[in-house]
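> Sharing coords.txt here; it has compact mmCIF, C-alpha atoms and all ligand atoms.
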```
# COMPACT_ATOMS: atom_id res chain seq x y z
CA MET E 1 -37.35 4.18 -8.89
CA LYS E 2 -35.00 6.84 -7.53
CA ASP E 3 -31.32 6.47 -8.40
CA THR E 4 -28.33 5.68 -6.20
CA ALA E 5 -26.07 8.48 -4.97
CA LEU E 6 -24.30 10.74 -7.48
CA ARG E 7 -21.20 10.56 -5.29
CA ILE E 8 -20.45 7.05 -6.53
CA SER E 9 -21.81 7.36 -10.06
CA GLU E 10 -18.32 7.42 -11.63
CA PHE E 11 -17.02 4.46 -9.62
CA LYS E 12 -16.17 1.36 -11.61
CA ASP E 13 -15.44 -2.23 -10.57
CA SER E 14 -11.87 -2.32 -9.28
CA ILE E 15 -9.34 -3.57 -11.83
CA PHE E 16 -8.28 -6.33 -9.42
CA GLY E 17 -11.72 -7.95 -9.46
CA VAL E 18 -11.91 -7.70 -13.25
CA ILE E 19 -8.49 -9.31 -13.77
CA SER E 20 -9.09 -12.04 -11.19
CA LYS E 21 -12.34 -13.02 -12.89
CA LEU E 22 -10.64 -13.13 -16.30
CA ALA E 23 -7.79 -15.18 -14.81
CA ARG E 24 -10.28 -17.70 -13.39
CA ASP E 25 -12.27 -17.87 -16.64
CA ASN E 26 -9.07 -18.53 -18.64
CA SER E 27 -7.37 -20.78 -16.05
CA ALA E 28 -4.45 -18.34 -16.04
CA VAL E 29 -1.68 -18.18 -13.41
CA ASN E 30 -2.60 -15.09 -11.41
CA LEU E 31 0.28 -12.66 -10.85
CA GLY E 32 -2.19 -9.79 -10.82
CA GLN E 33 -3.55 -10.07 -7.31
CA GLY E 34 -1.46 -8.14 -4.80
CA PHE E 35 -1.33 -10.78 -2.12
CA PRO E 36 0.55 -14.00 -1.38
CA ASP E 37 -0.92 -17.29 -2.60
CA PHE E 38 0.64 -18.93 0.47
CA ASP E 39 -0.08 -18.59 4.15
CA GLY E 40 1.56 -16.34 6.73
CA PRO E 41 3.62 -17.72 9.64
CA GLU E 42 2.27 -20.77 11.47
CA TRP E 43 3.28 -19.39 14.89
CA LEU E 44 1.17 -16.26 14.37
CA LYS E 45 -1.87 -18.28 13.31
CA GLU E 46 -1.44 -20.37 16.47
CA ILE E 47 -1.33 -17.20 18.57
CA ALA E 48 -4.58 -16.00 16.94
CA HIS E 49 -6.20 -19.32 17.81
CA GLN E 50 -4.91 -19.05 21.37
CA LYS E 51 -6.30 -15.51 21.69
CA MET E 52 -9.75 -16.80 20.77
CA GLN E 53 -9.45 -19.67 23.26
CA GLU E 54 -8.37 -17.21 25.95
CA GLY E 55 -11.63 -15.31 25.49
CA HIS E 56 -10.65 -12.21 23.47
CA ASN E 57 -13.89 -12.42 21.54
CA GLN E 58 -16.09 -9.47 22.44
CA TYR E 59 -15.99 -5.91 21.05
CA ALA E 60 -12.61 -4.26 21.43
CA PRO E 61 -12.34 -0.63 22.60
CA PHE E 62 -13.24 1.44 19.54
CA GLN E 63 -9.78 3.03 19.21
CA GLY E 64 -8.10 -0.41 19.31
CA THR E 65 -6.98 -2.76 22.07
CA PRO E 66 -4.50 -1.19 24.53
CA PHE E 67 -2.04 -4.05 23.83
CA LEU E 68 -1.98 -3.47 20.06
CA ARG E 69 -1.78 0.32 20.34
CA GLN E 70 1.13 -0.09 22.75
CA GLU E 71 2.93 -2.51 20.42
CA VAL E 72 2.42 -0.15 17.45
CA ALA E 73 3.92 2.66 19.56
CA ASN E 74 6.81 0.37 20.56
CA TYR E 75 7.74 -0.54 16.99
CA TYR E 76 7.70 3.05 15.74
CA LYS E 77 10.01 3.91 18.66
CA HIS E 78 12.23 0.85 18.13
CA PHE E 79 12.70 1.07 14.37
CA TYR E 80 12.36 4.81 13.67
CA ASN E 81 12.67 6.59 17.03
CA LEU E 82 9.20 8.08 16.48
CA LYS E 83 7.19 8.63 19.66
CA TYR E 84 3.42 8.25 19.44
CA ASN E 85 1.14 8.30 22.46
CA PRO E 86 -0.95 5.11 22.18
CA GLU E 87 -3.79 6.74 24.14
CA THR E 88 -4.30 9.66 21.81
CA GLU E 89 -2.25 9.27 18.62
CA ILE E 90 -2.73 5.66 17.45
CA THR E 91 -6.01 4.28 16.09
CA ILE E 92 -6.59 0.70 14.93
CA THR E 93 -8.59 0.23 11.72
CA VAL E 94 -9.88 -2.49 9.40
CA GLY E 95 -6.68 -2.62 7.38
CA ALA E 96 -4.97 0.37 5.79
CA THR E 97 -7.99 0.71 3.51
CA GLU E 98 -10.27 1.87 6.30
CA ALA E 99 -7.44 4.06 7.58
CA ILE E 100 -7.20 5.82 4.19
CA TYR E 101 -10.97 6.38 4.12
CA LEU E 102 -10.93 7.83 7.65
CA VAL E 103 -8.02 10.17 6.95
CA MET E 104 -9.60 11.53 3.77
CA ASN E 105 -12.93 12.08 5.49
CA ALA E 106 -11.30 13.58 8.57
CA LEU E 107 -9.38 16.20 6.57
CA ILE E 108 -11.26 17.03 3.39
CA ASN E 109 -14.03 19.59 3.02
CA PRO E 110 -16.11 19.57 -0.18
CA GLY E 111 -14.01 21.12 -2.95
CA ASP E 112 -10.67 20.64 -1.18
CA GLU E 113 -7.91 19.30 -3.39
CA ALA E 114 -5.71 16.32 -2.59
CA ILE E 115 -2.54 15.60 -4.55
CA VAL E 116 -2.11 11.98 -5.60
CA LEU E 117 1.15 10.83 -7.10
CA GLU E 118 0.30 8.57 -10.03
CA PRO E 119 0.48 5.60 -10.47
CA PHE E 120 -1.48 5.35 -7.21
CA TYR E 121 -3.18 2.75 -5.07
CA ASP E 122 -6.76 2.97 -6.29
CA SER E 123 -8.53 3.51 -2.97
CA TYR E 124 -6.94 6.98 -2.58
CA VAL E 125 -8.97 8.53 -5.35
CA ALA E 126 -12.18 6.79 -4.30
CA SER E 127 -11.76 7.95 -0.69
CA ILE E 128 -10.98 11.53 -1.74
CA LYS E 129 -14.12 11.58 -3.87
CA MET E 130 -16.30 10.06 -1.16
CA ALA E 131 -15.14 12.88 1.11
CA GLY E 132 -16.20 15.42 -1.54
CA GLY E 133 -12.64 16.29 -2.47
CA VAL E 134 -10.91 16.68 -5.82
CA PRO E 135 -7.96 14.39 -6.62
CA VAL E 136 -5.15 16.25 -8.37
CA PRO E 137 -2.71 13.89 -10.10
CA VAL E 138 1.02 14.51 -10.35
CA THR E 139 2.91 11.95 -12.40
CA MET E 140 5.84 9.92 -11.14
CA HIS E 141 7.70 9.74 -14.43
CA ALA E 142 8.93 6.40 -15.72
CA PRO E 143 11.39 4.71 -15.75
CA GLU E 144 12.61 6.03 -12.35
CA PHE E 145 9.11 6.96 -11.23
CA SER E 146 10.41 10.31 -10.04
CA VAL E 147 8.44 13.49 -9.46
CA ASP E 148 9.46 16.78 -11.04
CA PRO E 149 9.49 19.33 -8.17
CA ARG E 150 8.22 22.07 -10.52
CA GLU E 151 5.28 19.95 -11.65
CA LEU E 152 4.48 19.13 -8.05
CA GLU E 153 4.58 22.75 -6.93
CA LYS E 154 2.49 23.84 -9.91
CA ALA E 155 -0.24 21.42 -8.88
CA ILE E 156 -0.54 23.00 -5.42
CA THR E 157 -3.27 25.65 -5.10
CA SER E 158 -4.86 27.56 -2.23
CA ARG E 159 -7.38 24.71 -2.02
CA THR E 160 -4.82 21.92 -1.64
CA LYS E 161 -5.30 20.28 1.75
CA LEU E 162 -3.05 17.29 1.55
CA LEU E 163 -0.69 15.15 -0.45
CA ILE E 164 -0.69 11.35 -0.48
CA LEU E 165 2.63 9.58 -0.54
CA ASN E 166 3.12 5.82 -0.77
CA ASN E 167 6.52 4.56 0.35
CA PRO E 168 7.64 1.91 -0.56
CA HIS E 169 5.54 2.40 -3.64
CA ASN E 170 2.90 0.16 -5.19
CA PRO E 171 3.01 -0.51 -8.17
CA SER E 172 6.56 0.62 -9.07
CA GLY E 173 8.44 -1.03 -6.19
CA LYS E 174 10.25 2.30 -5.69
CA VAL E 175 11.71 3.25 -2.33
CA TRP E 176 11.80 7.05 -2.19
CA THR E 177 15.24 8.53 -1.52
CA LYS E 178 15.89 10.94 1.33
CA GLU E 179 16.42 13.78 -1.17
CA GLU E 180 13.05 13.12 -2.81
CA LEU E 181 11.30 12.92 0.55
CA LEU E 182 12.93 16.17 1.65
CA MET E 183 11.78 17.88 -1.55
CA ILE E 184 8.19 16.77 -0.87
CA SER E 185 8.34 17.66 2.80
CA GLU E 186 9.72 21.13 2.06
CA LEU E 187 6.81 21.78 -0.29
CA ALA E 188 4.35 20.42 2.27
CA GLN E 189 5.70 22.82 4.88
CA LYS E 190 5.92 25.77 2.51
CA HIS E 191 2.29 25.34 1.43
CA ASP E 192 0.97 24.10 4.80
CA LEU E 193 -0.20 20.68 3.56
CA PHE E 194 -0.92 17.51 5.46
CA VAL E 195 0.84 14.43 4.11
CA MET E 196 -0.82 11.04 4.36
CA SER E 197 2.04 8.58 4.15
CA ASP E 198 0.93 5.06 3.27
CA GLU E 199 3.72 2.80 4.49
CA VAL E 200 2.12 -0.66 4.32
CA TYR E 201 5.25 -2.10 2.63
CA GLU E 202 7.62 -0.53 5.17
CA PHE E 203 9.40 -3.82 5.95
CA LEU E 204 9.51 -5.25 2.43
CA LEU E 205 12.88 -3.82 1.40
CA PHE E 206 15.76 -5.31 -0.56
CA ASP E 207 19.44 -4.71 -1.34
CA GLY E 208 20.06 -2.61 1.76
CA ALA E 209 17.25 -0.10 1.06
CA LYS E 210 16.18 1.71 4.24
CA HIS E 211 12.69 2.88 5.10
CA LEU E 212 12.47 6.55 6.03
CA PRO E 213 9.03 7.32 7.47
CA THR E 214 7.79 10.72 6.30
CA ALA E 215 6.98 11.59 9.92
CA SER E 216 10.68 11.27 10.80
CA LEU E 217 11.75 14.10 8.48
CA GLU E 218 12.46 17.45 10.06
CA GLY E 219 9.31 19.49 10.61
CA MET E 220 7.02 16.69 9.39
CA PHE E 221 5.92 14.87 12.56
CA GLU E 222 2.87 17.04 13.25
CA ARG E 223 1.64 17.29 9.66
CA THR E 224 2.17 13.64 8.66
CA ILE E 225 -0.52 11.04 9.07
CA THR E 226 1.08 7.62 8.80
CA VAL E 227 -1.01 4.67 7.68
CA SER E 228 0.20 1.10 7.83
CA SER E 229 -1.06 -2.41 8.41
CA ALA E 230 -0.12 -5.96 9.32
CA GLY E 231 -1.34 -7.55 6.08
CA LYS E 232 1.83 -7.33 3.99
CA THR E 233 4.33 -7.60 6.84
CA PHE E 234 2.95 -10.91 8.06
CA GLY E 235 1.68 -12.17 4.70
CA LEU E 236 -1.83 -12.37 6.17
CA THR E 237 -3.72 -9.85 4.09
CA GLY E 238 -7.09 -11.29 5.09
CA TRP E 239 -6.65 -10.35 8.74
CA LYS E 240 -7.22 -6.69 7.89
CA ILE E 241 -5.61 -5.02 10.88
CA GLY E 242 -4.29 -1.53 10.16
CA TRP E 243 -3.48 1.66 12.02
CA ILE E 244 -3.24 5.42 11.81
CA CYS E 245 -0.54 7.38 13.63
CA ALA E 246 -1.34 11.08 13.71
CA ASN E 247 -1.37 14.08 16.02
CA GLU E 248 -4.10 14.14 18.66
CA LYS E 249 -6.45 16.44 16.74
CA VAL E 250 -6.36 14.42 13.50
CA SER E 251 -6.54 11.13 15.43
CA LYS E 252 -9.63 12.38 17.26
CA ALA E 253 -11.28 13.29 13.94
CA CYS E 254 -10.46 9.85 12.46
CA ARG E 255 -11.81 8.13 15.56
CA LEU E 256 -15.07 10.09 15.36
CA ILE E 257 -15.69 8.67 11.87
CA HIS E 258 -14.40 5.20 12.74
CA GLN E 259 -16.87 4.87 15.62
CA TYR E 260 -19.75 5.10 13.15
CA ILE E 261 -18.21 3.18 10.24
CA THR E 262 -16.89 0.01 11.88
CA PHE E 263 -16.96 0.96 15.57
CA SER E 264 -14.31 -1.59 16.46
CA VAL E 265 -11.97 -4.09 14.86
CA SER E 266 -11.67 -7.87 15.37
CA THR E 267 -10.46 -8.39 18.95
CA PRO E 268 -8.55 -11.70 18.68
CA MET E 269 -6.81 -10.57 15.48
CA GLN E 270 -5.69 -7.32 17.12
CA GLU E 271 -4.27 -9.24 20.06
CA ALA E 272 -2.47 -11.65 17.72
CA VAL E 273 -1.02 -8.83 15.60
CA ALA E 274 0.23 -7.17 18.80
CA GLU E 275 2.19 -10.36 19.58
CA GLY E 276 3.44 -10.40 15.99
CA LEU E 277 4.69 -6.80 16.19
CA ARG E 278 6.48 -7.64 19.44
CA ARG E 279 8.42 -10.34 17.60
CA LEU E 280 9.28 -8.19 14.53
CA PRO E 281 13.05 -8.02 15.19
CA GLU E 282 13.33 -11.84 15.14
CA TYR E 283 10.75 -12.33 12.39
CA LEU E 284 11.84 -9.79 9.77
CA PRO E 285 15.13 -11.29 8.51
CA GLY E 286 13.41 -14.55 7.44
CA PHE E 287 10.47 -12.66 5.98
CA VAL E 288 12.66 -10.39 3.86
CA SER E 289 14.86 -13.23 2.62
CA LEU E 290 11.79 -15.26 1.59
CA TYR E 291 10.54 -12.41 -0.60
CA LYS E 292 14.01 -11.52 -1.85
CA GLY E 293 14.37 -15.07 -3.16
CA LYS E 294 11.10 -14.68 -5.07
CA ARG E 295 12.06 -11.26 -6.39
CA ASP E 296 15.49 -12.45 -7.57
CA TYR E 297 14.12 -15.56 -9.26
CA PHE E 298 11.33 -13.75 -11.07
CA TYR E 299 13.52 -10.80 -12.06
CA GLN E 300 16.19 -13.07 -13.57
CA GLU E 301 13.54 -15.00 -15.50
CA MET E 302 11.94 -11.81 -16.82
CA LYS E 303 15.36 -10.63 -17.97
CA LYS E 304 15.92 -13.93 -19.76
CA LEU E 305 12.58 -13.36 -21.49
CA GLY E 306 13.99 -10.08 -22.77
CA PHE E 307 12.33 -7.55 -20.45
CA GLU E 308 14.72 -4.74 -19.53
CA PHE E 309 14.14 -2.94 -16.24
CA LYS E 310 15.61 -2.38 -12.78
CA SER E 311 14.87 -4.80 -9.98
CA PRO E 312 12.50 -3.17 -7.44
CA LEU E 313 13.94 -2.13 -4.07
CA GLY E 314 10.69 -2.57 -2.18
CA THR E 315 7.17 -4.10 -2.16
CA TYR E 316 6.28 -7.35 -3.95
CA PHE E 317 5.56 -5.76 -7.31
CA MET E 318 7.47 -5.24 -10.54
CA MET E 319 6.49 -2.65 -13.15
CA VAL E 320 7.67 -4.35 -16.30
CA PRO E 321 8.03 -2.26 -19.48
CA ILE E 322 6.32 -3.89 -22.48
CA SER E 323 7.28 -1.56 -25.36
CA SER E 324 10.06 -3.89 -26.55
CA LYS E 325 7.52 -6.70 -26.94
CA THR E 326 4.37 -5.14 -28.29
CA LYS E 327 2.66 -2.09 -29.71
CA LEU E 328 -0.47 -2.99 -27.77
CA SER E 329 -1.57 -0.92 -24.76
CA ASP E 330 -1.22 -2.38 -21.26
CA VAL E 331 -4.91 -3.33 -21.15
CA ASP E 332 -4.85 -5.13 -24.52
CA TYR E 333 -1.51 -6.79 -23.85
CA SER E 334 -2.64 -8.01 -20.40
CA MET E 335 -5.78 -9.49 -22.03
CA LYS E 336 -3.59 -11.18 -24.63
CA LEU E 337 -1.31 -12.63 -21.95
CA ILE E 338 -4.30 -13.97 -20.02
CA GLN E 339 -5.85 -15.57 -23.08
CA ASP E 340 -2.78 -16.73 -25.03
CA ASN E 341 -0.16 -17.30 -22.32
CA LYS E 342 -2.40 -18.01 -19.32
CA VAL E 343 -0.68 -15.42 -17.14
CA ALA E 344 -2.65 -12.64 -15.46
CA THR E 345 -1.10 -9.26 -14.58
CA VAL E 346 -2.52 -5.84 -13.79
CA PRO E 347 -2.56 -3.14 -16.49
CA PRO E 348 -1.32 -0.09 -14.57
CA SER E 349 -3.14 2.54 -16.63
CA ALA E 350 -5.92 1.97 -14.07
CA PHE E 351 -3.64 3.70 -11.55
CA TYR E 352 -3.38 6.95 -13.51
CA LEU E 353 -5.74 9.91 -13.94
CA LYS E 354 -3.61 12.03 -16.25
CA SER E 355 -0.57 10.44 -17.86
CA THR E 356 -0.57 7.62 -20.41
CA GLU E 357 2.83 6.35 -19.24
CA GLY E 358 1.18 3.37 -17.58
CA GLU E 359 0.15 2.00 -20.97
CA ARG E 360 3.75 0.93 -21.55
CA TYR E 361 3.92 -1.30 -18.46
CA LEU E 362 2.39 -4.31 -16.75
CA ARG E 363 2.42 -4.91 -13.01
CA PHE E 364 3.50 -8.38 -11.88
CA CYS E 365 3.12 -9.53 -8.27
CA PHE E 366 5.84 -11.95 -7.20
CA ALA E 367 4.38 -12.78 -3.76
CA LYS E 368 3.60 -16.25 -5.01
CA LYS E 369 4.63 -19.84 -4.30
CA GLU E 370 7.70 -21.09 -6.13
CA GLU E 371 5.54 -23.35 -8.28
CA THR E 372 3.21 -20.47 -9.20
CA LEU E 373 6.14 -18.32 -10.33
CA MET E 374 7.65 -21.26 -12.23
CA SER E 375 4.36 -21.95 -14.03
CA ALA E 376 4.05 -18.30 -14.96
CA VAL E 377 7.61 -18.26 -16.33
CA ALA E 378 6.95 -21.48 -18.29
CA ASN E 379 3.77 -19.96 -19.76
CA LEU E 380 5.62 -16.80 -20.77
CA GLN E 381 8.36 -18.66 -22.71
CA GLY E 382 8.50 -17.65 -26.33
CA LEU E 383 7.15 -14.16 -25.77
C1 LIG E 401 -0.31 0.90 -1.21
C2 LIG E 401 -1.35 0.15 -0.48
N1 LIG E 401 -2.02 0.75 0.52
C3 LIG E 401 -2.99 0.11 1.20
C4 LIG E 401 -3.34 -1.18 0.90
C5 LIG E 401 -4.45 -1.84 1.67
O1 LIG E 401 -3.99 -2.43 2.83
P1 LIG E 401 -4.95 -3.29 3.75
O2 LIG E 401 -5.06 -4.65 3.15
O3 LIG E 401 -4.26 -3.29 5.07
O4 LIG E 401 -6.28 -2.61 3.80
C6 LIG E 401 -2.67 -1.85 -0.13
C7 LIG E 401 -3.05 -3.22 -0.50
O5 LIG E 401 -2.70 -3.74 -1.52
C8 LIG E 401 -1.65 -1.17 -0.83
O6 LIG E 401 -0.98 -1.76 -1.83
```
What would the structure in this file look like if it were written as structure tokens?
Ligand SMILES: Cc1ncc(COP(=O)(O)O)c(C=O)c1O

Amino acid sequence: MKDTALRISEFKDSIFGVISKLARDNSAVNLGQGFPDFDGPEWLKEIAHQKMQEGHNQYAPFQGTPFLRQEVANYYKHFYNLKYNPETEITITVGATEAIYLVMNALINPGDEAIVLEPFYDSYVASIKMAGGVPVPVTMHAPEFSVDPRELEKAITSRTKLLILNNPHNPSGKVWTKEELLMISELAQKHDLFVMSDEVYEFLLFDGAKHLPTASLEGMFERTITVSSAGKTFGLTGWKIGWICANEKVSKACRLIHQYITFSVSTPMQEAVAEGLRRLPEYLPGFVSLYKGKRDYFYQEMKKLGFEFKSPLGTYFMMVPISSKTKLSDVDYSMKLIQDNKVATVPPSAFYLKSTEGERYLRFCFAKKEETLMSAVANLQGL
């Protein structure tokens, strides 16, 4: 029989699936999966139900419902003073994941290079490759997860089409500083690069950290494609409603692909998310304090267990250094923790193409119920 496409021949099962299966097989507490093990807000679920009852159940317009596109435009204006035209510059997608796929396929010609800052969210590299592009890794060096401007500039060639930035950053929990963002944006302008800015954790910020959208930096509005989604902000990752904010030309290209990939996105969920976005100013303080409580608890417990690191300023992840505990690599140590301590984490070396720095860390997700975090801490005692 003929073989499947070469394009995907190097693809492997995602690390998340592998870890989740191992966690199930070993009855381990799962702090690997990057999503809450509790439900999002009751009021928003009720709105979704209402939207179905009101008859929002047929195909939505392919670019997204007018209500949701308007509410996305409103929140960018309200929080960041960014002005997007909902008719031509905002496109609704099946989560940020579809958005990333569309952007890569809208911009990349075969052989074009795309800079990925490692450790990276794994769908970037897959989407670049599916578009026929070449991912070029630049390492965010531990423990600050900072990029060396000279290394970044050296990685840029005449074939570089874009750079992917994730802010706040999964897995490190880093919130990029204004100086760092300016350094990246200056290079993007100097070398005429697009920047895809993945901002799905934009509202998950602690200790006074502020989110600075890449598109808001001087000279960056036109060349930045911002991707975000409702999944993390409302703790409803299964709803899979995302969006792309980009100039009209790039939006049109993304929409041309979207119309043949998914055509349109769940109508009642879009309408519910629009209502959710409208209520962001009232909703966010409670949301942030819920996650801050989890972060503070888990961070203190990890410190008591002897792990030394800085508490993350954003996202619901912690990159925890393991060198003081073991000589094992991240993969072997995570297997050991699953089997011996019944706690599952993600070995971050899966998020690197070049550097081995990830082998000295494990990624813990603290978006879990109090009892889940307490069980994990109890299982880790004696490490
Ligand atoms: C950095 C980053 N981007 C994108 C996504 C995917 O978002 P969505 O669930 O909206 O597709 C995730 C999910 O974990 C993520 O961590």
> When you look at Asn81 in chain E with a cut-off of 12 Å (counting only C-alpha atoms), what residues show up, excluding the ones that are within fewer than 4 positions of it in the same chain? I need them as number ranges by chain.
E: 73-77, 212-213, 215-217, 221
> Within 8 Å of ligand LIG 401 (chain E), which residues show up when you count only C-alpha atoms and all ligand atoms? List them as a ChimeraX atom specification, please.
/E:34-35,94-100,120-121,123,166-167,169-171,198-201,228-232,237-238,240-242
> Please compute the CA of Ala106 in chain E-CA of Leu256 in chain E distance, one decimal, in Å.
8.5 Å
> Counting all atoms listed in the file, find the residues whose atoms lie at most 8 Å from (4.6, -11.2, 12.5) (file coordinates) and write them out as a VMD selection string.
chain E and resid 41 44 230 233 to 234 273 275 to 277 279 to 280 283 to 284
> Quick check, in Å to one decimal: how far apart do CA of Gly55 in chain E and CA of Thr267 in chain E lie?
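Separation between CA of Gly55 in chain E and CA of Thr267 in chain E: 9.6 Å.
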> For range 174-187 of chain E, I'd like the enclosing box, axis-aligned and padded by 5 Å on every side, reported as AutoDock Vina command-line options with centre and edge lengths in Å to one decimal.

```
--center_x 11.6 --center_y 12.0 --center_z -1.4 --size_x 19.6 --size_y 29.5 --size_z 18.5
```
> Looking at E:Trp239, E:Phe309, E:Thr372, E:Val343, which one is nearest to Ala142 in chain E, with distances taken over all atoms listed in the file?
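Result for the nearest residue to Ala142 in chain E: E:Phe309.
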> Residues of range 106-212 of chain E that have any atom at most 10 Å from an atom of range 313-317 of chain E: could you tabulate them with the shortest-distance atom pair and the distance in Å to one decimal, using all atoms listed in the file, ordered by chain and increasing number, as JSON lines?

```
{"residue": "E:Asn167", "atom": "CA", "partner": "E:Gly314", "partner_atom": "CA", "distance": 8.6}
{"residue": "E:Pro168", "atom": "CA", "partner": "E:Gly314", "partner_atom": "CA", "distance": 5.7}
{"residue": "E:His169", "atom": "CA", "partner": "E:Thr315", "partner_atom": "CA", "distance": 6.9}
{"residue": "E:Asn170", "atom": "CA", "partner": "E:Thr315", "partner_atom": "CA", "distance": 6.7}
{"residue": "E:Pro171", "atom": "CA", "partner": "E:Phe317", "partner_atom": "CA", "distance": 5.9}
{"residue": "E:Ser172", "atom": "CA", "partner": "E:Phe317", "partner_atom": "CA", "distance": 6.7}
{"residue": "E:Gly173", "atom": "CA", "partner": "E:Gly314", "partner_atom": "CA", "distance": 4.8}
{"residue": "E:Lys174", "atom": "CA", "partner": "E:Leu313", "partner_atom": "CA", "distance": 6.0}
{"residue": "E:Val175", "atom": "CA", "partner": "E:Gly314", "partner_atom": "CA", "distance": 5.9}
{"residue": "E:Trp176", "atom": "CA", "partner": "E:Leu313", "partner_atom": "CA", "distance": 9.6}
{"residue": "E:Val200", "atom": "CA", "partner": "E:Thr315", "partner_atom": "CA", "distance": 8.9}
{"residue": "E:Tyr201", "atom": "CA", "partner": "E:Thr315", "partner_atom": "CA", "distance": 5.5}
{"residue": "E:Glu202", "atom": "CA", "partner": "E:Thr315", "partner_atom": "CA", "distance": 8.2}
{"residue": "E:Phe203", "atom": "CA", "partner": "E:Gly314", "partner_atom": "CA", "distance": 8.3}
{"residue": "E:Leu204", "atom": "CA", "partner": "E:Thr315", "partner_atom": "CA", "distance": 5.3}
{"residue": "E:Leu205", "atom": "CA", "partner": "E:Gly314", "partner_atom": "CA", "distance": 4.4}
{"residue": "E:Phe206", "atom": "CA", "partner": "E:Leu313", "partner_atom": "CA", "distance": 5.1}
{"residue": "E:Asp207", "atom": "CA", "partner": "E:Leu313", "partner_atom": "CA", "distance": 6.7}
{"residue": "E:Gly208", "atom": "CA", "partner": "E:Leu313", "partner_atom": "CA", "distance": 8.5}
{"residue": "E:Ala209", "atom": "CA", "partner": "E:Leu313", "partner_atom": "CA", "distance": 6.4}
{"residue": "E:Lys210", "atom": "CA", "partner": "E:Leu313", "partner_atom": "CA", "distance": 9.4}
{"residue": "E:His211", "atom": "CA", "partner": "E:Gly314", "partner_atom": "CA", "distance": 9.3}
```
> Between CA of Asn85 in chain E and CA of Gln70 in chain E, what is the distance, to one decimal in Å?
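For CA of Asn85 in chain E relative to CA of Gln70 in chain E, the distance reads 8.4 Å.
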> Please, which residues are within 10 Å of (-5.4, -17.2, -12.5) by the file's coordinates, counting only C-alpha atoms, and could they come as a list of chain:residue names?
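Protein, DNA and RNA residues close to (-5.4, -17.2, -12.5): E:Ile19, E:Ser20, E:Lys21, E:Leu22, E:Ala23, E:Arg24, E:Asp25, E:Asn26, E:Ser27, E:Ala28, E:Val29, E:Asn30, E:Leu31, E:Gly32, E:Gln33, E:Ile338, E:Lys342, E:Val343, E:Ala344, E:Thr345, E:Thr372, E:Ala376.
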> Using only C-alpha atoms for the distances, tell me which of E:Lys368, E:Lys45, E:Arg69, E:Arg159 is nearest to Leu290 in chain E.
E:Lys368
> Which one is closest to Pro137 in chain E: E:Pro36, E:Pro110, E:Gly235, E:Pro119? Count all atoms listed in the file.
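So, comparing all the options, the nearest one is E:Pro119.
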> Excluding Phe307 in chain E and its own-chain neighbours fewer than 6 positions away, which residues fall within 10 Å of it when counting all atoms listed in the file? Please give them as an mmCIF file with C-alpha atoms, in the frame of the given file.

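Below you can see result_14.cif, which holds the result:
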```cif
data_model
loop_
_atom_site.group_PDB
_atom_site.id
_atom_site.type_symbol
_atom_site.label_atom_id
_atom_site.label_comp_id
_atom_site.auth_asym_id
_atom_site.auth_seq_id
_atom_site.Cartn_x
_atom_site.Cartn_y
_atom_site.Cartn_z
ATOM 1 C CA TYR E 299 13.520 -10.800 -12.060
ATOM 2 C CA GLN E 300 16.190 -13.070 -13.570
ATOM 3 C CA GLU E 301 13.540 -15.000 -15.500
ATOM 4 C CA VAL E 320 7.670 -4.350 -16.300
ATOM 5 C CA PRO E 321 8.030 -2.260 -19.480
ATOM 6 C CA ILE E 322 6.320 -3.890 -22.480
ATOM 7 C CA SER E 323 7.280 -1.560 -25.360
ATOM 8 C CA SER E 324 10.060 -3.890 -26.550
ATOM 9 C CA LYS E 325 7.520 -6.700 -26.940
ATOM 10 C CA LEU E 383 7.150 -14.160 -25.770
#
```
> Between E:Glu10, E:Ser355, E:Leu182, E:Ala378, single out the one closest to Leu117 in chain E, counting all atoms listed in the file.
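Comparing E:Glu10, E:Ser355, E:Leu182, E:Ala378 against Leu117 in chain E, the winner is E:Ser355.
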> Please identify all polymer residues within 12 Å of Gly132 in chain E, counting all atoms listed in the file, omitting same-chain residues fewer than 2 positions from it, and present them as JSON, numbers by chain.
{"E": [6, 7, 8, 101, 104, 105, 106, 107, 108, 109, 110, 111, 112, 113, 114, 125, 126, 127, 128, 129, 130, 134, 135]}
> So which residues touch Phe194 in chain E within 6 Å, counting all atoms listed in the file, skipping near sequence neighbours fewer than 3 positions away, as a PyMOL selection string?
chain E and resi 162+223-224
> Could those residues be written to a file, using C-alpha atoms, as an mmCIF file, keeping the file's coordinate frame?

```cif
data_model
loop_
_atom_site.group_PDB
_atom_site.id
_atom_site.type_symbol
_atom_site.label_atom_id
_atom_site.label_comp_id
_atom_site.auth_asym_id
_atom_site.auth_seq_id
_atom_site.Cartn_x
_atom_site.Cartn_y
_atom_site.Cartn_z
ATOM 1 C CA LEU E 162 -3.050 17.290 1.550
ATOM 2 C CA ARG E 223 1.640 17.290 9.660
ATOM 3 C CA THR E 224 2.170 13.640 8.660
#
```
> For Gln270 in chain E, which residue among E:Pro143, E:Gly17, E:Gly64, E:Gly40 is the nearest when counting only C-alpha atoms?
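Closest candidate: E:Gly64.
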